[in-house]
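Structure file protein.cif (mmCIF, C-alpha atoms) follows.
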```
data_work
#
loop_
_atom_site.label_atom_id
_atom_site.label_comp_id
_atom_site.auth_asym_id
_atom_site.auth_seq_id
_atom_site.Cartn_x
_atom_site.Cartn_y
_atom_site.Cartn_z
CA MET Y 1 306.19 73.07 50.65
CA SER Y 2 303.07 71.94 48.81
CA ALA Y 3 300.17 74.15 47.85
CA THR Y 4 298.18 73.00 50.85
CA GLU Y 5 301.01 73.71 53.27
CA ALA Y 6 300.95 77.49 53.21
CA PRO Y 7 302.24 78.81 56.50
CA PRO Y 8 299.40 79.50 58.92
CA THR Y 9 298.76 83.06 60.00
CA THR Y 10 296.63 84.48 62.77
CA SER Y 11 295.15 86.98 60.32
CA LEU Y 12 295.53 87.63 56.63
CA ARG Y 13 296.05 91.31 57.36
CA HIS Y 14 299.51 90.39 58.73
CA ASP Y 15 300.40 88.24 55.70
CA GLY Y 16 302.62 90.37 53.45
CA ARG Y 17 302.31 88.08 50.44
CA PHE Y 18 298.53 88.10 50.57
CA ARG Y 19 298.53 91.90 50.97
CA LEU Y 20 300.54 92.23 47.75
CA PHE Y 21 298.15 89.96 45.88
CA TRP Y 22 295.11 91.68 47.35
CA ALA Y 23 296.46 95.10 46.37
CA GLY Y 24 297.14 93.95 42.80
CA GLN Y 25 293.68 92.47 42.41
CA THR Y 26 292.04 95.55 43.94
CA ILE Y 27 293.73 97.92 41.49
CA SER Y 28 292.99 95.64 38.54
CA GLN Y 29 289.33 95.33 39.54
CA PHE Y 30 288.93 99.11 39.63
CA GLY Y 31 290.31 99.35 36.12
CA ASP Y 32 288.01 96.59 34.89
CA ARG Y 33 284.90 98.43 36.03
CA ILE Y 34 285.87 101.40 33.86
CA SER Y 35 286.35 99.25 30.75
CA GLU Y 36 283.12 97.36 31.34
CA LEU Y 37 281.29 100.65 30.91
CA ALA Y 38 283.65 102.27 28.38
CA LEU Y 39 283.77 99.46 25.79
CA PRO Y 40 280.01 99.24 25.16
CA LEU Y 41 279.80 103.04 25.30
CA ILE Y 42 282.43 103.26 22.53
CA ALA Y 43 280.31 100.88 20.49
CA VAL Y 44 277.01 102.66 21.20
CA THR Y 45 277.97 106.34 21.21
CA ALA Y 46 280.99 106.53 18.88
CA LEU Y 47 280.17 103.75 16.42
CA GLY Y 48 276.35 103.62 16.59
CA ALA Y 49 276.26 99.89 17.34
CA SER Y 50 272.96 97.99 17.40
CA ALA Y 51 271.73 95.74 20.22
CA ASN Y 52 273.05 92.68 18.37
CA GLN Y 53 276.46 94.27 17.86
CA VAL Y 54 276.73 95.24 21.54
CA ALA Y 55 275.71 91.70 22.53
CA GLY Y 56 278.33 90.35 20.13
CA LEU Y 57 280.99 92.45 21.86
CA THR Y 58 280.05 90.91 25.23
CA ALA Y 59 279.99 87.44 23.68
CA LEU Y 60 283.52 87.77 22.28
CA ILE Y 61 284.95 88.64 25.69
CA TRP Y 62 283.76 85.28 27.02
CA THR Y 63 284.19 83.10 23.90
CA PRO Y 64 287.84 82.15 24.70
CA ASN Y 65 286.54 80.30 27.77
CA LEU Y 66 285.42 77.55 25.40
CA LEU Y 67 289.12 76.61 25.26
CA ALA Y 68 289.63 76.84 29.04
CA ILE Y 69 289.29 73.06 29.46
CA PHE Y 70 292.42 72.50 27.36
CA LEU Y 71 294.32 75.52 28.66
CA GLY Y 72 293.62 74.37 32.23
CA ALA Y 73 295.02 70.92 31.44
CA TRP Y 74 298.17 72.58 30.07
CA VAL Y 75 298.52 75.01 32.99
CA ASP Y 76 298.27 72.15 35.52
CA ARG Y 77 301.61 70.83 34.24
CA ARG Y 78 303.33 74.22 34.51
CA VAL Y 79 305.32 74.86 37.67
CA HIS Y 80 305.31 78.66 37.61
CA LYS Y 81 301.64 79.68 37.80
CA ARG Y 82 302.65 83.13 39.05
CA ARG Y 83 304.58 83.86 35.85
CA LEU Y 84 301.56 82.93 33.75
CA MET Y 85 299.39 85.33 35.76
CA VAL Y 86 301.90 88.15 35.24
CA LEU Y 87 302.04 87.40 31.51
CA ALA Y 88 298.24 87.49 31.28
CA ASP Y 89 298.13 90.90 32.98
CA LEU Y 90 300.75 92.37 30.63
CA VAL Y 91 299.00 91.03 27.53
CA ARG Y 92 295.72 92.61 28.63
CA ALA Y 93 297.47 95.93 29.26
CA GLY Y 94 299.05 95.98 25.80
CA VAL Y 95 295.84 95.08 24.00
CA LEU Y 96 293.77 97.71 25.81
CA LEU Y 97 296.34 100.43 25.07
CA SER Y 98 295.70 99.88 21.35
CA LEU Y 99 292.30 101.62 21.74
CA PRO Y 100 293.55 105.07 22.87
CA ALA Y 101 296.35 104.76 20.28
CA ALA Y 102 293.80 104.14 17.52
CA TRP Y 103 291.61 106.94 18.87
CA LEU Y 104 294.49 109.42 18.54
CA LEU Y 105 294.70 108.38 14.88
CA ASP Y 106 290.91 108.61 14.47
CA ALA Y 107 290.91 104.91 13.51
CA VAL Y 108 288.76 103.15 16.13
CA THR Y 109 286.47 100.57 14.48
CA LEU Y 110 283.98 97.96 15.61
CA GLY Y 111 286.37 95.32 14.32
CA GLN Y 112 289.10 96.58 16.63
CA LEU Y 113 286.68 96.50 19.57
CA TYR Y 114 285.88 92.88 18.74
CA ALA Y 115 289.61 92.02 18.54
CA VAL Y 116 290.27 93.72 21.89
CA ALA Y 117 287.39 91.78 23.46
CA LEU Y 118 288.68 88.47 22.09
CA LEU Y 119 292.32 88.96 23.08
CA THR Y 120 291.64 90.30 26.57
CA GLY Y 121 289.20 87.44 27.09
CA THR Y 122 291.90 84.91 26.10
CA ALA Y 123 294.40 86.44 28.53
CA ALA Y 124 291.76 86.36 31.26
CA VAL Y 125 291.32 82.60 30.73
CA LEU Y 126 295.07 82.09 31.19
CA PHE Y 127 295.00 84.12 34.42
CA ASN Y 128 291.91 82.35 35.78
CA THR Y 129 293.20 78.82 35.16
CA ALA Y 130 296.50 79.61 36.91
CA TYR Y 131 294.76 81.41 39.78
CA PRO Y 132 293.31 78.44 41.81
CA SER Y 133 296.66 76.74 42.46
CA PHE Y 134 298.31 80.06 43.23
CA PHE Y 135 295.51 80.98 45.66
CA ALA Y 136 295.62 77.60 47.44
CA GLY Y 137 299.39 77.91 47.85
CA LEU Y 138 299.11 81.44 49.18
CA VAL Y 139 296.17 81.07 51.60
CA PRO Y 140 295.74 78.41 54.34
CA ARG Y 141 292.53 76.36 54.17
CA SER Y 142 291.18 77.88 57.37
CA SER Y 143 291.31 81.33 55.74
CA TYR Y 144 289.62 80.50 52.40
CA VAL Y 145 286.35 82.25 53.28
CA GLU Y 146 288.16 85.24 54.82
CA ALA Y 147 290.46 85.61 51.79
CA ASN Y 148 287.59 85.33 49.33
CA SER Y 149 285.64 87.86 51.38
CA ARG Y 150 288.50 90.37 51.23
CA LEU Y 151 289.06 89.87 47.51
CA SER Y 152 285.34 90.10 46.84
CA ALA Y 153 285.07 93.24 48.98
CA SER Y 154 287.65 94.85 46.71
CA ARG Y 155 285.64 93.77 43.68
CA ALA Y 156 282.53 95.19 45.31
CA LEU Y 157 284.20 98.50 46.12
CA SER Y 158 285.41 98.70 42.52
CA GLN Y 159 281.82 98.27 41.39
CA VAL Y 160 280.86 101.28 43.49
CA ALA Y 161 283.54 103.71 42.29
CA GLY Y 162 284.43 102.16 38.93
CA PRO Y 163 281.23 102.79 36.94
CA ALA Y 164 280.82 106.31 38.32
CA ALA Y 165 284.47 107.12 37.56
CA GLY Y 166 284.13 105.45 34.17
CA GLY Y 167 281.03 107.46 33.30
CA GLY Y 168 282.77 110.68 34.33
CA LEU Y 169 285.95 109.83 32.41
CA VAL Y 170 283.98 108.93 29.30
CA GLN Y 171 282.14 112.26 29.38
CA ALA Y 172 285.27 114.28 30.17
CA LEU Y 173 287.97 112.48 28.17
CA THR Y 174 286.10 110.10 25.82
CA ALA Y 175 285.77 106.33 26.27
CA PRO Y 176 289.03 105.26 24.52
CA VAL Y 177 291.10 107.40 26.89
CA ALA Y 178 289.22 105.97 29.87
CA VAL Y 179 290.23 102.46 28.76
CA ALA Y 180 293.89 103.44 29.22
CA VAL Y 181 293.28 103.57 32.98
CA ASP Y 182 292.37 99.89 32.93
CA ALA Y 183 295.53 99.09 30.96
CA ILE Y 184 297.67 100.84 33.59
CA SER Y 185 295.91 98.89 36.35
CA TYR Y 186 297.01 95.61 34.73
CA VAL Y 187 300.63 96.79 34.65
CA VAL Y 188 300.46 97.56 38.38
CA SER Y 189 298.83 94.18 39.08
CA ALA Y 190 301.58 92.38 37.12
CA PHE Y 191 304.26 94.22 39.12
CA LEU Y 192 302.72 93.37 42.51
CA VAL Y 193 301.99 89.72 41.69
CA GLY Y 194 305.51 89.38 40.30
CA ARG Y 195 306.94 90.41 43.69
CA ILE Y 196 305.21 87.57 45.57
CA ARG Y 197 307.58 84.77 46.52
CA LEU Y 198 305.81 81.42 46.53
CA VAL Y 199 307.36 77.94 46.26
CA GLU Y 200 305.53 76.15 43.44
CA GLN Y 201 306.00 72.42 43.10
CA PRO Y 202 305.47 70.38 39.92
CA VAL Y 203 302.45 68.08 40.05
CA GLY Y 204 302.74 64.34 39.58
CA VAL Y 205 305.19 61.52 40.32
CA LYS Y 206 308.84 62.33 39.64
CA GLY Y 207 309.84 61.05 36.23
CA GLU Y 208 306.24 60.71 35.09
CA SER Y 209 305.64 61.59 31.44
CA ALA Y 210 302.93 64.21 30.91
CA PRO Y 211 299.63 62.60 29.85
CA LEU Y 212 298.04 63.69 26.63
CA LEU Y 213 296.37 67.09 26.86
CA LEU Y 214 293.00 65.70 25.81
CA ARG Y 215 293.10 62.98 28.46
CA ARG Y 216 294.01 65.44 31.20
CA ALA Y 217 291.22 67.75 30.09
CA ARG Y 218 288.79 64.82 30.22
CA GLU Y 219 289.96 64.00 33.74
CA GLY Y 220 289.03 67.51 34.86
CA VAL Y 221 285.51 67.19 33.46
CA SER Y 222 285.12 63.68 34.86
CA PHE Y 223 286.15 64.80 38.34
CA VAL Y 224 283.47 67.50 38.36
CA VAL Y 225 280.72 65.30 36.92
CA ARG Y 226 281.34 62.48 39.42
CA HIS Y 227 281.48 64.78 42.43
CA GLU Y 228 277.97 65.35 43.78
CA ILE Y 229 278.65 68.81 45.21
CA LEU Y 230 280.78 70.13 42.35
CA ARG Y 231 278.25 68.84 39.82
CA ALA Y 232 275.41 70.72 41.54
CA ALA Y 233 277.58 73.85 41.87
CA LEU Y 234 278.41 73.75 38.18
CA GLY Y 235 274.76 73.32 37.19
CA CYS Y 236 273.82 76.27 39.39
CA VAL Y 237 276.50 78.68 38.17
CA VAL Y 238 275.97 77.72 34.52
CA THR Y 239 272.25 78.44 34.81
CA VAL Y 240 272.59 81.71 36.70
CA ASN Y 241 275.38 83.01 34.46
CA PHE Y 242 273.57 82.09 31.27
CA PHE Y 243 270.51 84.10 32.26
CA THR Y 244 272.38 87.04 33.78
CA PHE Y 245 274.28 87.32 30.50
CA VAL Y 246 271.00 87.31 28.62
CA ALA Y 247 270.72 90.68 30.37
CA GLY Y 248 274.48 91.33 30.10
CA SER Y 249 276.11 94.62 31.04
CA GLY Y 250 276.07 95.80 27.44
CA LEU Y 251 272.29 95.45 27.18
CA LEU Y 252 271.85 97.08 30.59
CA VAL Y 253 273.85 100.08 29.40
CA LEU Y 254 271.76 100.13 26.22
CA PHE Y 255 268.53 99.78 28.25
CA ALA Y 256 269.56 102.59 30.61
CA GLY Y 257 270.33 104.95 27.76
CA ARG Y 258 267.67 104.18 25.17
CA THR Y 259 264.73 102.98 27.28
CA LEU Y 260 265.24 104.72 30.63
CA GLY Y 261 266.68 107.85 29.03
CA LEU Y 262 269.73 108.14 31.31
CA SER Y 263 272.93 109.92 30.24
CA PRO Y 264 276.30 108.07 30.38
CA GLY Y 265 277.16 109.95 33.58
CA ALA Y 266 273.79 109.16 35.18
CA THR Y 267 274.07 105.52 34.11
CA GLY Y 268 277.52 105.20 35.68
CA LEU Y 269 276.38 106.95 38.84
CA ALA Y 270 273.28 104.74 39.22
CA MET Y 271 275.28 101.57 38.66
CA GLY Y 272 278.01 102.76 41.01
CA ILE Y 273 275.64 103.62 43.85
CA GLY Y 274 273.75 100.38 43.29
CA SER Y 275 276.99 98.44 43.58
CA THR Y 276 277.35 99.44 47.24
CA GLY Y 277 275.19 96.36 47.80
CA ALA Y 278 278.14 94.27 46.65
CA VAL Y 279 280.31 95.79 49.38
CA LEU Y 280 277.67 94.86 51.94
CA GLY Y 281 277.37 91.37 50.50
CA ALA Y 282 281.12 90.77 50.65
CA VAL Y 283 281.22 91.87 54.29
CA LEU Y 284 278.14 89.84 55.23
CA ALA Y 285 279.21 86.66 53.41
CA PRO Y 286 281.40 85.22 56.23
CA ILE Y 287 278.91 86.36 58.89
CA LEU Y 288 275.95 84.72 57.14
CA SER Y 289 278.05 81.62 56.58
CA ARG Y 290 278.60 81.30 60.34
CA ARG Y 291 274.97 82.10 61.21
CA LEU Y 292 273.05 80.22 58.50
CA GLY Y 293 275.66 77.69 57.50
CA LEU Y 294 277.87 77.86 54.41
CA GLY Y 295 275.54 75.81 52.21
CA ARG Y 296 272.37 77.74 53.04
CA THR Y 297 274.20 81.01 52.43
CA VAL Y 298 275.14 79.81 48.94
CA VAL Y 299 271.46 78.97 48.33
CA VAL Y 300 270.32 82.45 49.40
CA GLY Y 301 272.91 84.12 47.19
CA SER Y 302 271.96 82.06 44.14
CA VAL Y 303 268.47 83.63 44.19
CA LEU Y 304 269.36 87.12 45.38
CA PHE Y 305 271.92 87.52 42.58
CA PRO Y 306 269.66 87.28 39.47
CA ALA Y 307 266.14 88.05 40.73
CA PRO Y 308 266.56 91.85 41.15
CA ILE Y 309 267.14 92.23 37.38
CA GLY Y 310 263.35 92.21 37.27
CA LEU Y 311 263.28 95.53 39.15
CA ALA Y 312 265.18 97.25 36.36
CA ALA Y 313 262.90 95.62 33.77
CA VAL Y 314 259.74 97.21 35.21
CA ALA Y 315 261.30 100.66 35.80
CA ASP Y 316 259.03 103.51 34.64
CA GLY Y 317 257.76 106.93 35.68
CA PRO Y 318 259.82 110.09 36.27
CA LEU Y 319 263.58 110.15 35.78
CA TRP Y 320 264.35 109.76 39.49
CA ALA Y 321 262.16 106.64 39.67
CA ARG Y 322 263.82 105.05 36.62
CA ALA Y 323 267.30 105.78 37.97
CA GLY Y 324 266.22 104.56 41.41
CA ALA Y 325 264.97 101.23 40.06
CA LEU Y 326 268.27 100.66 38.25
CA THR Y 327 270.13 101.54 41.46
CA ALA Y 328 268.00 99.21 43.63
CA ALA Y 329 268.42 96.34 41.18
CA GLY Y 330 272.18 96.79 41.25
CA PHE Y 331 272.25 97.00 45.05
CA LEU Y 332 270.35 93.76 45.67
CA SER Y 333 272.01 91.86 42.85
CA GLY Y 334 275.46 93.00 43.98
CA ALA Y 335 274.80 91.79 47.52
CA GLY Y 336 273.55 88.47 46.19
CA VAL Y 337 276.49 87.75 43.90
CA MET Y 338 279.03 88.39 46.66
CA ILE Y 339 277.20 86.23 49.19
CA PHE Y 340 277.05 83.53 46.54
CA ASP Y 341 280.62 83.78 45.21
CA VAL Y 342 282.54 84.12 48.48
CA ASN Y 343 281.08 80.98 50.01
CA LEU Y 344 280.83 78.84 46.88
CA ASN Y 345 284.43 79.63 45.86
CA ALA Y 346 285.69 78.67 49.33
CA LEU Y 347 283.70 75.43 49.22
CA GLN Y 348 285.05 74.51 45.79
CA THR Y 349 288.63 75.30 46.77
CA SER Y 350 288.33 72.94 49.74
CA LEU Y 351 287.07 70.09 47.56
CA ILE Y 352 289.60 70.11 44.72
CA PRO Y 353 293.04 68.44 45.14
CA ASP Y 354 296.16 70.39 44.21
CA GLY Y 355 296.98 68.38 41.12
CA MET Y 356 293.52 68.99 39.65
CA ARG Y 357 292.97 72.68 40.35
CA SER Y 358 293.75 74.14 36.92
CA ARG Y 359 292.05 71.27 35.11
CA VAL Y 360 288.88 71.65 37.17
CA ALA Y 361 289.05 75.44 36.74
CA GLY Y 362 289.37 74.87 33.00
CA ALA Y 363 286.41 72.48 32.96
CA PHE Y 364 284.31 74.92 34.98
CA GLY Y 365 285.45 77.80 32.79
CA THR Y 366 284.64 76.07 29.51
CA ILE Y 367 281.14 75.08 30.61
CA ASN Y 368 280.29 77.97 32.93
CA TYR Y 369 281.91 80.83 31.03
CA GLY Y 370 281.26 79.13 27.72
CA VAL Y 371 277.52 79.65 28.09
CA ARG Y 372 277.99 83.36 28.72
CA PRO Y 373 278.54 84.34 25.07
CA LEU Y 374 275.59 82.13 24.16
CA GLY Y 375 273.48 83.98 26.73
CA ALA Y 376 274.74 87.35 25.46
CA VAL Y 377 273.93 86.50 21.83
CA LEU Y 378 270.52 85.14 22.78
CA GLY Y 379 269.92 88.29 24.83
CA GLY Y 380 270.63 90.41 21.76
CA LEU Y 381 268.18 88.35 19.70
CA PHE Y 382 265.51 88.51 22.42
CA ALA Y 383 265.99 92.28 22.69
CA THR Y 384 265.56 92.62 18.93
CA TRP Y 385 262.48 90.38 18.76
CA PHE Y 386 260.68 91.11 22.04
CA GLY Y 387 262.22 94.29 23.43
CA LEU Y 388 264.68 95.06 26.22
CA ARG Y 389 262.15 94.92 29.07
CA ALA Y 390 260.94 91.41 28.23
CA THR Y 391 264.54 90.23 27.88
CA LEU Y 392 265.44 91.45 31.37
CA LEU Y 393 262.38 89.72 32.87
CA VAL Y 394 263.33 86.42 31.25
CA ALA Y 395 266.84 86.80 32.70
CA ALA Y 396 265.51 87.43 36.22
CA VAL Y 397 263.16 84.43 36.30
CA GLY Y 398 265.52 82.00 34.57
CA GLY Y 399 268.47 83.01 36.75
CA ALA Y 400 266.54 82.52 39.99
CA ALA Y 401 265.64 78.98 38.87
CA SER Y 402 269.34 78.06 39.26
CA VAL Y 403 268.66 77.38 42.96
CA LEU Y 404 266.97 74.09 42.01
CA TRP Y 405 270.38 72.53 41.34
CA LEU Y 406 271.50 73.27 44.91
CA LEU Y 407 268.26 72.19 46.59
CA ALA Y 408 268.60 68.74 45.03
CA SER Y 409 272.16 68.32 46.39
CA PRO Y 410 273.93 68.06 49.79
CA VAL Y 411 274.95 71.74 49.60
CA PRO Y 412 272.17 73.17 51.85
CA GLY Y 413 273.26 70.82 54.66
CA ILE Y 414 276.91 71.92 54.73
CA ARG Y 415 277.64 74.01 57.82
CA SER Y 416 281.32 74.95 57.35
CA LEU Y 417 284.63 73.86 55.85
CA ASP Y 418 285.76 72.37 59.17
CA PRO Y 419 285.16 68.59 58.97
CA ASP Y 420 285.21 68.38 62.78
CA GLU Y 421 282.42 70.92 63.27
CA PRO Y 422 279.03 69.41 64.13
CA GLY Y 423 276.68 69.42 61.18
CA THR Y 424 279.43 69.69 58.60
CA GLY Y 425 279.23 66.05 57.63
CA SER Y 426 281.73 64.03 55.64
CA SER Y 427 280.97 65.70 52.30
CA VAL Y 428 283.65 68.38 52.74
CA PRO Y 429 286.97 66.54 53.09
CA SER Y 430 290.20 68.45 53.60
CA SER Y 431 291.41 67.11 50.28
CA ALA Y 432 290.53 64.56 47.65
CA PRO Y 433 293.12 62.29 46.02
CA ASP Y 434 294.59 63.46 42.74
CA PRO Y 435 293.75 60.75 40.20
CA ALA Y 436 296.60 61.84 37.98
CA SER Y 437 299.41 61.85 40.52
CA GLY Y 438 298.82 58.86 42.71
#
```
Let me see the structure of the file written as structure tokens.
Amino acid sequence: MSATEAPPTTSLRHDGRFRLFWAGQTISQFGDRISELALPLIAVTALGASANQVAGLTALIWTPNLLAIFLGAWVDRRVHKRRLMVLADLVRAGVLLSLPAAWLLDAVTLGQLYAVALLTGTAAVLFNTAYPSFFAGLVPRSSYVEANSRLSASRALSQVAGPAAGGGLVQALTAPVAVAVDAISYVVSAFLVGRIRLVEQPVGVKGESAPLLLRRAREGVSFVVRHEILRAALGCVVTVNFFTFVAGSGLLVLFAGRTLGLSPGATGLAMGIGSTGAVLGAVLAPILSRRLGLGRTVVVGSVLFPAPIGLAAVADGPLWARAGALTAAGFLSGAGVMIFDVNLNALQTSLIPDGMRSRVAGAFGTINYGVRPLGAVLGGLFATWFGLRATLLVAAVGGAASVLWLLASPVPGIRSLDPDEPGTGSSVPSSAPDPASG
């Protein structure tokens, strides 16, 4: 059974394999939200890190994505993508557990934080390049939007409870201990993913010798660049992610504490309540896709995701108003990113052939995620030179400009993933030929 021949189901809620995967990702996402708050708080509160040092921590998490293009080319030739995902989860768990261990010995340093960021980021690249083929083999094409909506809803729910729980854990138990919760979540995710039984077929003609890694990596980039829709999607996500990382989570935590005067608990609570918008966005994504059309929904999300950062930038007045502005910005931005991601991910999955999935994911990861550390570093420099408020405003305006890539492409005219539906057009084929296996 090939990756595109997953058995059809009337509903994903009755698919036991998908439920296992969904449960693993849900638990892992909840743990991630705690670490996203705890790591910069360790740097800021325990180690007295500067804005540049906090930005450097964010940058190191994403720096391994610069190698994703080559790792994706390697992963494409591996049969057992599931095993690679389990390995990535276990590596992240082990690395994160080093922080509470060092804390017990009173030996936590900024250098260790940087090492943890770099190693967990590398394991995340391995997981993310193996993920597309695994997902396409697990979920039938007709359920791509539904599956992405469910997975994104879990991510959104984690953004509601995770920061608030993280803020509370940091205050009650200290940040290094809070990180241990994330490590445990990866162990649970590895166990659940490891239980999924999925037939994974090698890619390519039988007896074919594996092409050089560099050539296969180049094929992934070439496929994206030549494809009108994927090229526009890449330009859009690169732009929006660059600017949102100019105002990365580390600087937002710093801004909330030092400029808005919020405590760690209040910061976590404001970000958690604001993230309820992501839950709404994940639920609305399939509905808006049916009402507005898939392409137009992607366009709306590309603006709604970054623009609300400007609300946080202009926050002032009494404490309740400052906390409220941070909450509102998180609510609108969270809704936007889910509306954007759910539909764009489904569209991309439908366009990429099985034999190219990890290579294309690697190409996307290297370019898209590769600009994130650049954005984080530039954000730290901007914050140092011009202040945190000005930096957030630049991020909001620059991120919203990402929509120009989509408006100049066929994306706004795409109605759905069904090629037989009126208005869909011929730009969303059920599959494209694999140039490396034909």
Excluding Y:Phe21 and its own-chain neighbours fewer than 6 positions away, which residues fall within 10 Å of it when counting all atoms listed in the file? Please give them as a count of residues only.
10
Please write as a PyMOL selection string the list of polymer residues whose atoms come within 6 Å of (292.5, 73.3, 41.8), counting all atoms listed in the file and keeping to the coordinates of the file.
chain Y and resi 132-133+352-354+356-358
Separation of atom CA of Y:Leu198 from atom CA of Y:Leu417 in Å
24.3 Å
Expected answer as a ChimeraX atom specification: all residues with atoms within 12 Å of (265.8, 91.6, 25.4), only C-alpha atoms:
/Y:51-52,55,243-248,250-252,254-255,259,313,375-396
Produce the centre coordinates and the three edge lengths, each in Å to one decimal, of the box along x, y and z that contains all listed atoms of stretch 150-161 of chain Y with 5 Å added on each side, as JSON.
```
{"center_x": 285.0, "center_y": 96.8, "center_z": 46.3, "size_x": 18.2, "size_y": 23.8, "size_z": 19.8}
```
Compare Y:Ala323, Y:Ile184, Y:Val145, Y:Leu126 by their minimum atom-to-atom distance to Y:Leu288, counting all atoms listed in the file, and give me the closest one.
Y:Val145
Could you give me, as a tab-separated table, every stretch 352-401 of chain Y residue with an atom at most 7 Å from stretch 67-82 of chain Y, plus its closest atom pair and distance in Å to one decimal, counting all atoms listed in the file, rows ordered by chain then number?
```
residue	atom	partner	partner_atom	distance
Y:Gly355	CA	Y:Asp76	CA	6.9
Y:Ser358	CA	Y:Gly72	CA	4.7
Y:Arg359	CA	Y:Gly72	CA	4.5
Y:Ala361	CA	Y:Gly72	CA	6.5
Y:Gly362	CA	Y:Ile69	CA	4.0
Y:Ala363	CA	Y:Ile69	CA	4.6
Y:Gly365	CA	Y:Ala68	CA	5.7
Y:Thr366	CA	Y:Ala68	CA	5.1
```
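Closest to Y:Ala93 among Y:Ser158, Y:Ser28, Y:Gln53, Y:Ser149 is Y:Ser28, based on all atoms listed in the file.
The spacing separating atom CA of Y:Gly56 from atom CA of Y:Leu110 amounts to 10.5 Å.
Counting only C-alpha atoms and comparing Y:Leu39, Y:Ala321, Y:Ile229, Y:Val240, the residue that lies closest to Y:Leu262 is Y:Ala321.
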For the provided coordinates, the residues matched by the PyMOL selection byres ((chain Y and resi 373) around 7) should be stated as an NGL selection string.
:Y and (58-60 or 62-63 or 370-372 or 374-377)
Got a sec to resolve the PyMOL selection byres ((chain Y and resi 411) around 12) on this structure and send the residues as a PyMOL selection string?
chain Y and resi 227-233+236+293-300+343-344+347-348+403-410+412-417+423-428
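Picture a line from atom CA of Y:Val225 to atom CA of Y:Ala346; it runs 18.9 Å.
When all atoms listed in the file are used to measure the gap to Y:Leu157, the shortest distance among Y:Ser402, Y:Ser302, Y:Gln29, Y:Thr120 belongs to Y:Gln29.
Comparing Y:Ser98, Y:Gln112, Y:Ser350, Y:Ser275 by their smallest distance to Y:Tyr144, the closest is Y:Ser350 (using only C-alpha atoms).
With only C-alpha atoms as the atoms that count, the residue of Y:Val360, Y:Gly336, Y:Arg19, Y:Ala117 with the shortest distance to Y:Arg218 is Y:Val360.
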Any chance you could tabulate, as a Markdown table, the residues of stretch 309-338 of chain Y at most 12 Å from stretch 263-269 of chain Y with each one's nearest atom pair and distance in Å to one decimal, using all atoms listed in the file, in chain and rising number order?
```
| residue | atom | partner | partner_atom | distance |
| --- | --- | --- | --- | --- |
| Y:Leu319 | CA | Y:Ala266 | CA | 10.3 |
| Y:Trp320 | CA | Y:Ala266 | CA | 10.4 |
| Y:Arg322 | CA | Y:Thr267 | CA | 10.6 |
| Y:Ala323 | CA | Y:Thr267 | CA | 7.8 |
| Y:Gly324 | CA | Y:Leu269 | CA | 10.7 |
| Y:Ala325 | CA | Y:Thr267 | CA | 11.7 |
| Y:Leu326 | CA | Y:Thr267 | CA | 8.6 |
| Y:Thr327 | CA | Y:Leu269 | CA | 8.7 |
| Y:Gly330 | CA | Y:Leu269 | CA | 11.3 |
```
Hey, what comes out of the PyMOL selection byres ((chain Y and resi 97) around 9) on this file? Could you write it as a list of chain:residue names?
Y:Arg92, Y:Ala93, Y:Gly94, Y:Val95, Y:Leu96, Y:Ser98, Y:Leu99, Y:Pro100, Y:Ala101, Y:Ala102, Y:Pro176, Y:Val177, Y:Val179, Y:Ala180, Y:Asp182, Y:Ala183, Y:Ile184
Near Y:Ser154, counting all atoms listed in the file, which residues have an atom at most 9 Å away, once you skip same-chain residues fewer than 4 positions from it, shown as a PyMOL selection string?
chain Y and resi 22-23+25-27+29-30+149-150+158-159+279+282
Would you mind putting N, CA and C atoms back on stretch 67-74 of chain Y and writing the result as a CSV table (one decimal), in the coordinates of the input?
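Output contents, as saved in out.csv:
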```csv
chain,number,residue,atom,x,y,z
Y,67,LEU,N,287.8,77.3,25.3
Y,67,LEU,CA,289.1,76.6,25.3
Y,67,LEU,C,289.7,76.4,26.6
Y,68,ALA,N,289.1,76.9,27.7
Y,68,ALA,CA,289.6,76.8,29.0
Y,68,ALA,C,289.9,75.4,29.5
Y,69,ILE,N,289.1,74.5,29.0
Y,69,ILE,CA,289.3,73.1,29.5
Y,69,ILE,C,290.7,72.5,29.0
Y,70,PHE,N,291.1,72.9,27.8
Y,70,PHE,CA,292.4,72.5,27.4
Y,70,PHE,C,293.5,73.4,27.9
Y,71,LEU,N,293.3,74.7,28.1
Y,71,LEU,CA,294.3,75.5,28.7
Y,71,LEU,C,294.6,75.2,30.1
Y,72,GLY,N,293.5,74.8,30.8
Y,72,GLY,CA,293.6,74.4,32.2
Y,72,GLY,C,294.5,73.1,32.4
Y,73,ALA,N,294.2,72.2,31.4
Y,73,ALA,CA,295.0,70.9,31.4
Y,73,ALA,C,296.5,71.2,31.2
Y,74,TRP,N,296.8,72.2,30.3
Y,74,TRP,CA,298.2,72.6,30.1
Y,74,TRP,C,298.8,73.3,31.3
```
